[in-house]
Every structure is written in C-alpha cells, then in structure tokens.
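Source file start-v6.txt; content: compact mmCIF, C-alpha atoms.
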# COMPACT_ATOMS: atom_id res chain seq x y z
CA MET I 17 19.74 105.53 79.83
CA SER I 18 18.78 106.49 76.29
CA VAL I 19 20.58 109.40 74.67
CA ARG I 20 18.85 111.63 72.16
CA PRO I 21 20.78 112.38 68.97
CA LEU I 22 21.76 115.99 68.29
CA SER I 23 19.26 117.33 65.76
CA SER I 24 21.74 119.94 64.50
CA VAL I 25 24.26 117.22 63.68
CA LEU I 26 21.62 115.13 61.91
CA LYS I 27 20.66 118.14 59.80
CA THR I 28 24.30 118.74 58.92
CA PHE I 29 24.68 115.14 57.80
CA ALA I 30 21.50 115.57 55.74
CA VAL I 31 23.28 118.41 53.93
CA LEU I 32 26.29 116.14 53.38
CA ASP I 33 23.97 113.51 51.89
CA VAL I 34 22.63 116.03 49.40
CA VAL I 35 26.14 116.95 48.26
CA ALA I 36 27.10 113.26 48.02
CA ALA I 37 24.02 112.38 45.96
CA SER I 38 24.92 114.77 43.14
CA SER I 39 27.18 113.77 40.26
CA GLU I 40 28.45 117.37 40.02
CA PRO I 41 29.06 120.26 42.44
CA VAL I 42 25.83 121.73 43.85
CA ARG I 43 24.70 125.27 44.61
CA LEU I 44 23.81 126.51 48.08
CA ALA I 45 20.29 127.33 46.95
CA ASP I 46 19.72 123.80 45.65
CA VAL I 47 20.99 122.21 48.86
CA ALA I 48 18.81 124.49 51.01
CA ARG I 49 15.77 123.70 48.88
CA THR I 50 16.38 119.96 49.16
CA VAL I 51 16.77 119.94 52.95
CA GLU I 52 13.94 122.48 53.28
CA GLU I 53 15.63 125.06 55.47
CA ALA I 54 16.79 128.68 55.23
CA ARG I 55 19.82 129.37 53.05
CA ALA I 56 21.69 130.98 55.97
CA ALA I 57 21.37 127.82 58.09
CA THR I 58 22.37 125.57 55.19
CA HIS I 59 25.32 127.80 54.41
CA GLN I 60 26.53 127.45 58.00
CA ARG I 61 26.26 123.69 57.79
CA LEU I 62 28.17 123.62 54.51
CA GLN I 63 30.92 125.80 55.95
CA THR I 64 31.14 123.46 58.94
CA LEU I 65 31.60 120.52 56.58
CA VAL I 66 34.24 122.46 54.64
CA GLU I 67 36.12 123.24 57.84
CA ALA I 68 35.94 119.57 58.85
CA GLY I 69 37.37 118.50 55.49
CA TRP I 70 34.35 116.56 54.23
CA VAL I 71 33.25 119.10 51.62
CA GLU I 72 35.11 121.62 49.48
CA GLN I 73 33.99 124.70 47.58
CA THR I 74 34.73 125.23 43.90
CA GLU I 75 35.85 128.50 42.33
CA ASP I 76 32.29 129.25 41.22
CA GLY I 77 30.96 128.83 44.77
CA ARG I 78 29.44 125.38 44.45
CA TYR I 79 30.03 122.50 46.85
CA ARG I 80 31.32 118.97 46.32
CA LEU I 81 32.71 116.11 48.38
CA ALA I 82 36.37 116.38 49.35
CA LEU I 83 38.66 113.53 48.28
CA ARG I 84 39.30 112.81 51.96
CA ILE I 85 36.05 110.87 51.96
CA VAL I 86 37.53 108.27 49.60
CA ALA I 87 39.96 107.05 52.27
CA HIS I 88 37.08 106.69 54.73
CA ALA I 89 35.06 104.77 52.14
CA ALA I 90 37.97 102.39 51.62
CA MET I 91 38.27 101.81 55.35
CA ALA I 92 34.51 101.32 55.63
CA MET I 93 34.75 98.46 53.14
CA GLU I 94 37.61 96.97 55.12
CA GLN I 95 35.67 97.24 58.38
CA ALA I 96 32.65 95.72 56.64
CA ASN I 97 34.95 92.76 55.96
CA LEU I 98 34.30 92.80 52.23
CA GLY I 99 37.65 91.13 51.59
CA ALA I 100 36.96 88.35 54.08
CA ARG I 101 33.48 87.77 52.67
CA LEU I 102 34.98 87.32 49.21
CA ALA I 103 38.00 85.30 50.33
CA ASP I 104 36.60 82.08 48.84
CA ILE I 105 36.42 83.69 45.41
CA LEU I 106 40.02 84.90 45.66
CA HIS I 107 41.12 81.37 46.63
CA ASP I 108 39.20 79.96 43.65
CA MET I 109 40.98 82.44 41.36
CA VAL I 110 44.35 81.22 42.60
CA ALA I 111 43.34 77.57 42.22
CA GLU I 112 42.16 78.11 38.64
CA SER I 113 45.10 80.21 37.46
CA GLY I 114 48.08 79.36 39.65
CA GLU I 115 48.67 83.11 40.06
CA THR I 116 48.24 85.50 42.99
CA ALA I 117 44.80 87.07 43.48
CA SER I 118 44.17 90.52 44.93
CA MET I 119 41.34 92.91 45.70
CA ALA I 120 41.97 96.67 45.69
CA VAL I 121 40.01 99.89 46.13
CA LEU I 122 40.53 103.46 45.03
CA ASP I 123 42.07 105.23 48.02
CA GLY I 124 42.76 108.90 47.41
CA GLN I 125 44.89 109.10 44.28
CA GLU I 126 46.05 105.49 44.18
CA ALA I 127 44.82 101.91 44.20
CA ALA I 128 45.30 100.20 47.57
CA ILE I 129 45.43 96.42 47.95
CA MET I 130 42.97 95.40 50.68
CA ARG I 131 43.04 91.60 50.37
CA ARG I 132 45.45 89.13 48.81
CA VAL I 133 45.78 85.38 48.35
CA GLU I 134 49.25 84.27 47.30
CA ALA I 135 50.00 81.63 44.70
CA LYS I 136 51.86 78.58 45.99
CA GLY I 137 54.64 78.68 43.44
CA ILE I 138 58.14 79.90 44.24
CA LEU I 139 57.82 82.57 41.54
CA ARG I 140 55.06 85.05 42.36
CA ALA I 141 54.28 88.75 42.43
CA ASP I 142 55.81 90.28 45.56
CA LEU I 143 53.07 92.68 46.68
CA ARG I 144 51.45 92.92 50.10
CA VAL I 145 48.19 94.11 51.62
CA GLY I 146 48.43 97.88 51.92
CA THR I 147 50.61 98.26 48.83
CA ARG I 148 49.62 101.34 46.87
CA LEU I 149 49.63 101.30 43.07
CA ASP I 150 49.46 104.08 40.50
CA LEU I 151 46.38 104.45 38.33
CA ALA I 152 48.07 104.84 34.96
CA ARG I 153 50.25 101.74 34.64
CA THR I 154 48.85 98.99 36.87
CA ALA I 155 45.94 96.73 35.99
CA LEU I 156 44.14 97.43 39.27
CA GLY I 157 44.69 101.18 38.94
CA ARG I 158 43.57 101.22 35.32
CA VAL I 159 40.32 99.42 36.12
CA LEU I 160 39.51 101.59 39.14
CA SER I 161 40.08 104.77 37.14
CA ALA I 162 38.40 103.57 33.92
CA PHE I 163 35.24 102.59 35.81
CA ALA I 164 35.31 105.48 38.32
CA ARG I 165 32.32 107.76 38.70
CA PRO I 166 32.55 110.88 36.49
CA ASP I 167 32.83 113.20 39.50
CA THR I 168 35.62 111.09 41.00
CA LEU I 169 37.45 111.04 37.68
CA ALA I 170 37.08 114.81 37.35
CA ARG I 171 38.65 115.34 40.76
CA LEU I 172 41.56 113.10 39.91
CA VAL I 173 42.14 115.03 36.70
CA GLU I 174 41.93 118.34 38.56
CA ALA I 175 44.48 117.05 41.08
CA GLY I 176 46.88 116.25 38.23
CA VAL I 177 46.89 112.48 38.83
CA ALA I 178 48.34 110.43 35.98
CA LEU I 179 45.55 108.33 34.42
CA PRO I 180 45.26 105.91 31.49
CA GLU I 181 44.90 107.56 28.09
CA ARG I 182 41.29 108.04 26.96
CA GLU I 183 41.54 105.40 24.22
CA LEU I 184 42.92 102.86 26.67
CA ALA I 185 40.21 103.64 29.24
CA GLU I 186 37.53 103.18 26.58
CA ARG I 187 38.99 99.82 25.56
CA ILE I 188 39.11 98.70 29.21
CA ARG I 189 35.43 99.54 29.64
CA ALA I 190 34.59 97.72 26.40
CA ASP I 191 36.65 94.63 27.27
CA GLY I 192 35.62 94.55 30.93
CA TYR I 193 39.20 94.14 32.16
CA ALA I 194 42.62 95.79 32.10
CA VAL I 195 46.16 94.51 31.67
CA SER I 196 49.14 96.06 33.41
CA GLY I 197 52.16 97.61 31.81
CA VAL I 198 55.46 95.79 32.38
CA THR I 199 57.69 97.81 34.70
CA GLY I 200 60.62 97.38 37.06
CA PRO I 201 63.62 95.04 37.13
CA ARG I 202 61.43 92.06 38.13
CA THR I 203 58.74 92.18 35.49
CA VAL I 204 55.25 91.33 36.69
CA SER I 205 52.11 91.01 34.61
CA ALA I 206 48.57 91.42 35.87
CA VAL I 207 44.98 91.55 34.69
CA ALA I 208 42.09 93.10 36.63
CA ALA I 209 38.30 93.47 36.41
CA PRO I 210 35.84 95.77 38.22
CA VAL I 211 33.58 94.95 41.15
CA ILE I 212 30.26 96.73 40.57
CA ASP I 213 27.72 97.30 43.34
CA SER I 214 23.93 97.32 43.06
CA HIS I 215 23.99 101.03 42.15
CA GLY I 216 26.27 100.43 39.17
CA ASP I 217 29.34 101.97 40.84
CA CYS I 218 32.80 100.39 40.77
CA ILE I 219 33.69 99.88 44.44
CA ALA I 220 36.73 97.62 44.02
CA ALA I 221 38.73 95.60 41.53
CA LEU I 222 39.97 92.00 41.41
CA SER I 223 43.24 90.97 39.81
CA LEU I 224 45.56 88.09 39.08
CA SER I 225 49.27 88.81 38.92
CA GLY I 226 52.52 86.92 38.51
CA PRO I 227 55.95 86.95 36.89
CA THR I 228 55.66 87.86 33.23
CA ALA I 229 57.46 84.67 32.20
CA GLY I 230 54.71 82.07 31.96
CA PHE I 231 51.85 84.45 32.69
CA ASN I 232 48.88 83.57 30.46
CA THR I 233 47.02 86.85 30.03
CA GLN I 234 43.98 85.46 28.23
CA THR I 235 43.45 82.63 30.69
CA CYS I 236 43.85 84.99 33.64
CA ALA I 237 41.51 87.52 32.05
CA SER I 238 38.79 84.87 31.74
CA VAL I 239 39.26 83.83 35.38
CA VAL I 240 39.22 87.41 36.68
CA VAL I 241 36.16 88.47 34.67
CA ALA I 242 34.25 85.37 35.81
CA ALA I 243 35.28 85.97 39.43
CA ALA I 244 34.19 89.61 39.26
CA ALA I 245 30.82 88.49 37.88
CA ARG I 246 30.44 86.18 40.89
CA VAL I 247 31.26 89.03 43.26
CA ASN I 248 28.84 91.38 41.51
CA ALA I 249 26.06 88.79 41.76
CA ARG I 250 26.85 88.22 45.42
CA LEU I 251 26.68 91.95 46.16
CA ARG I 252 23.26 92.10 44.48
CA GLY I 253 22.09 89.19 46.59
CA ALA I 254 21.69 86.87 43.63
CA LYS I 255 22.17 83.13 44.02
CA GLU I 256 25.37 81.78 42.51

For the file at hand, write its structure as structure tokens.
Amino acid sequence: MSVRPLSSVLKTFAVLDVVAASSEPVRLADVARTVEEARAATHQRLQTLVEAGWVEQTEDGRYRLALRIVAHAAMAMEQANLGARLADILHDMVAESGETASMAVLDGQEAAIMRRVEAKGILRADLRVGTRLDLARTALGRVLSAFARPDTLARLVEAGVALPERELAERIRADGYAVSGVTGPRTVSAVAAPVIDSHGDCIAALSLSGPTAGFNTQTCASVVVAAAARVNARLRGAKE
C-alpha cells in the first residue's frame, strides 16, 4: 500500500531549505516570497523549526540554521560511508609516510575523528575514532575552521569557541594545509588538509600524525595535500 507524504511537512522542509541555502540569516518576508506562500503560514513553519531545534532566530528577527544540524551532517557522512569509501587513500597515506592517517569532520564546536588508519610502528599517535579535538591548536581543527563557510565561522565566533588567529587562518588557506601545535606530555605532531566537495565547501579534513620525534612535517604535508586532492577529485567524479 502506497503512503502519500504529508504536504504540510514537505512545505516546512522547503522553508528549511531556503534558510539553509542562504549564507546569512534571512528575513521572514524573503522566505515567504521564495516558497510562495502567505507570511503567516511561513512564520508558523519557521516557529515549528525553531521549536524542533533546526532553526534559530537572531536578535533582529531573522532566521538561520541552528548548530545542531552540524552533528546531523557529520552523522550523515558517516552513514554515507564516506570514510570507508576513502579507506584506500588513508592506507596509501600511511604507506607513504609511515605515520597514522585520519579523517575528521566539524561536529558542533570541535573536530571529530570519523576514520583512522594506524601506522605499524610501535611509536604512534594514540587517538581513536570518535576523539574530539579543539579547533585552535590541532591540525584537523585548524583546517576545518580555516576553510569553514563564513556563516559557520560566524556562529562559532558568536558561541565563543577558540579559533586560530586570523593571520594563521589566512596562512593555512594560502598553504592549503595546517600544522598542529605541540601539546601534552607525549608530544604529537600533525599536518592536515581540507576535503572540498563539488560546491566548494570543506566537508572534512585529512591528516597525518605521529610522535614529534622523527615526524617529517614537509614530507607529511606533501602526502596529505596530494591525498586531499585525490579525495576532492573523487568527490567530483573525476578519474584519478
């Protein structure tokens, strides 16, 4: 037996799509005009989305996506098996560098490791899938924040999240990769590069990491940047 979709729900999701398509908060009037319905009906849909936690209202009355959606986006990539589809590239990174390879996404206010291939050596970076990393000091976090969409970056700033200094972020974008700061009793170095989708958005980051002693930053940077280029081409459907 076929089941008809609820038209009211479809219209509400259409409103959500309009909010999501804008790089800055949108006005009620603009949303109503785009979906071609009365402002009162659109307002009700927006308030429903606010109550559900998908949209939030700014002080000036405009609407924008709530950060909650970031966690769902991260899980969507995991369910889409992005990490598994790129596992061969992560293994190649390990083979070329001798260091541990990881893939991470921006999840809320941190970077979250979604896939990892460990180096075979006794000395290696002790991080696991699911580990969450700050955006200011780690290579993965620095890349994900430096290449984040302007609206995402604005929300992180508004939330008071510690981010790389502006000069550092600019250098990361110019270089195409980031290097981590050395922290903790067991010093670990890392270098990361962005994964860019067909729309030009950074959806993930790749990294190589290992004990600082013996870690060749330049070699690892070359491997990571080349691997990210392979991933980017694969996401665009280009032949490798």

> Residues at most 10 Å from segment 67-82 of chain I, counting all atoms listed in the file, excluding those fewer than 5 positions away in the same chain, as a ChimeraX atom specification?
Replying inline: /I:32-47,61-62,167-168,171

> Restricting the calculation to only C-alpha atoms, which member of I:Ser205, I:Ser118, I:Ser196, I:Ser223 is positioned closest to Ala152 of chain I?
Replying inline: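 That would be I:Ser196, the residue with the smallest distance to Ala152 of chain I.
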
> Taking all atoms listed in the file into account, which of I:Thr50, I:Ser161, I:Asn232, I:Thr154 comes nearest Gln125 of chain I?
Replying inline: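 Closest to Gln125 of chain I, using all atoms listed in the file: I:Ser161.
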
> Nearest to Ile188 of chain I: which of I:Leu169, I:Val159, I:Leu26, I:Leu65 is it, counting all atoms listed in the file?
Replying inline: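 Nearest to Ile188 of chain I: I:Val159.
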
> Pick from I:Ala30, I:Leu83, I:Ala117, I:Ala229: nearest to Glu174 of chain I, with only C-alpha atoms counted?
Replying inline: I:Leu83

> So what do you get for atom CA of Glu134 of chain I versus atom CA of Leu251 of chain I, distance-wise?
Replying inline: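 About the pair atom CA of Glu134 of chain I and atom CA of Leu251 of chain I: they are 23.9 Å apart.
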
Show me, as lines of an AutoDock Vina configuration file, the centre and edge lengths in Å to one decimal of the axis-aligned box that covers every listed atom of segment 214-231 of chain I with 6 Å on each side.
center_x = 40.7
center_y = 92.0
center_z = 38.2
size_x = 45.5
size_y = 31.9
size_z = 24.5

> atom CA of Pro180 of chain I to atom CA of Ala206 of chain I: how many Å, to one decimal?
Replying inline: 15.5 Å

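Taking atom CA of Asp150 of chain I and atom CA of Gly192 of chain I as the two end points, the separation is 19.3 Å.
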
Wanna dump the segment 44-124 of chain I-segment 235-246 of chain I contacts at 10 Å for me, each residue with its shortest atom pair and the distance in Å to one decimal, counting all atoms listed in the file, ordered by chain and number, as a Markdown table?
| residue | atom | partner | partner_atom | distance |
| --- | --- | --- | --- | --- |
| I:Leu102 | CA | I:Arg246 | CA | 9.5 |
| I:Ile105 | CA | I:Ala243 | CA | 6.5 |
| I:Leu106 | CA | I:Ala243 | CA | 7.9 |
| I:Asp108 | CA | I:Ala243 | CA | 8.3 |
| I:Met109 | CA | I:Val239 | CA | 6.4 |
| I:Val110 | CA | I:Val239 | CA | 9.2 |
| I:Glu112 | CA | I:Val239 | CA | 7.2 |
| I:Ser113 | CA | I:Cys236 | CA | 6.2 |
| I:Gly114 | CA | I:Cys236 | CA | 9.3 |
| I:Glu115 | CA | I:Cys236 | CA | 8.2 |
| I:Ala117 | CA | I:Val240 | CA | 8.8 |

> Of the residues I:Leu222, I:Ser214, I:Ile85, I:Thr233, which is the one nearest to Ala249 of chain I, using only C-alpha atoms?
Replying inline: I:Ser214
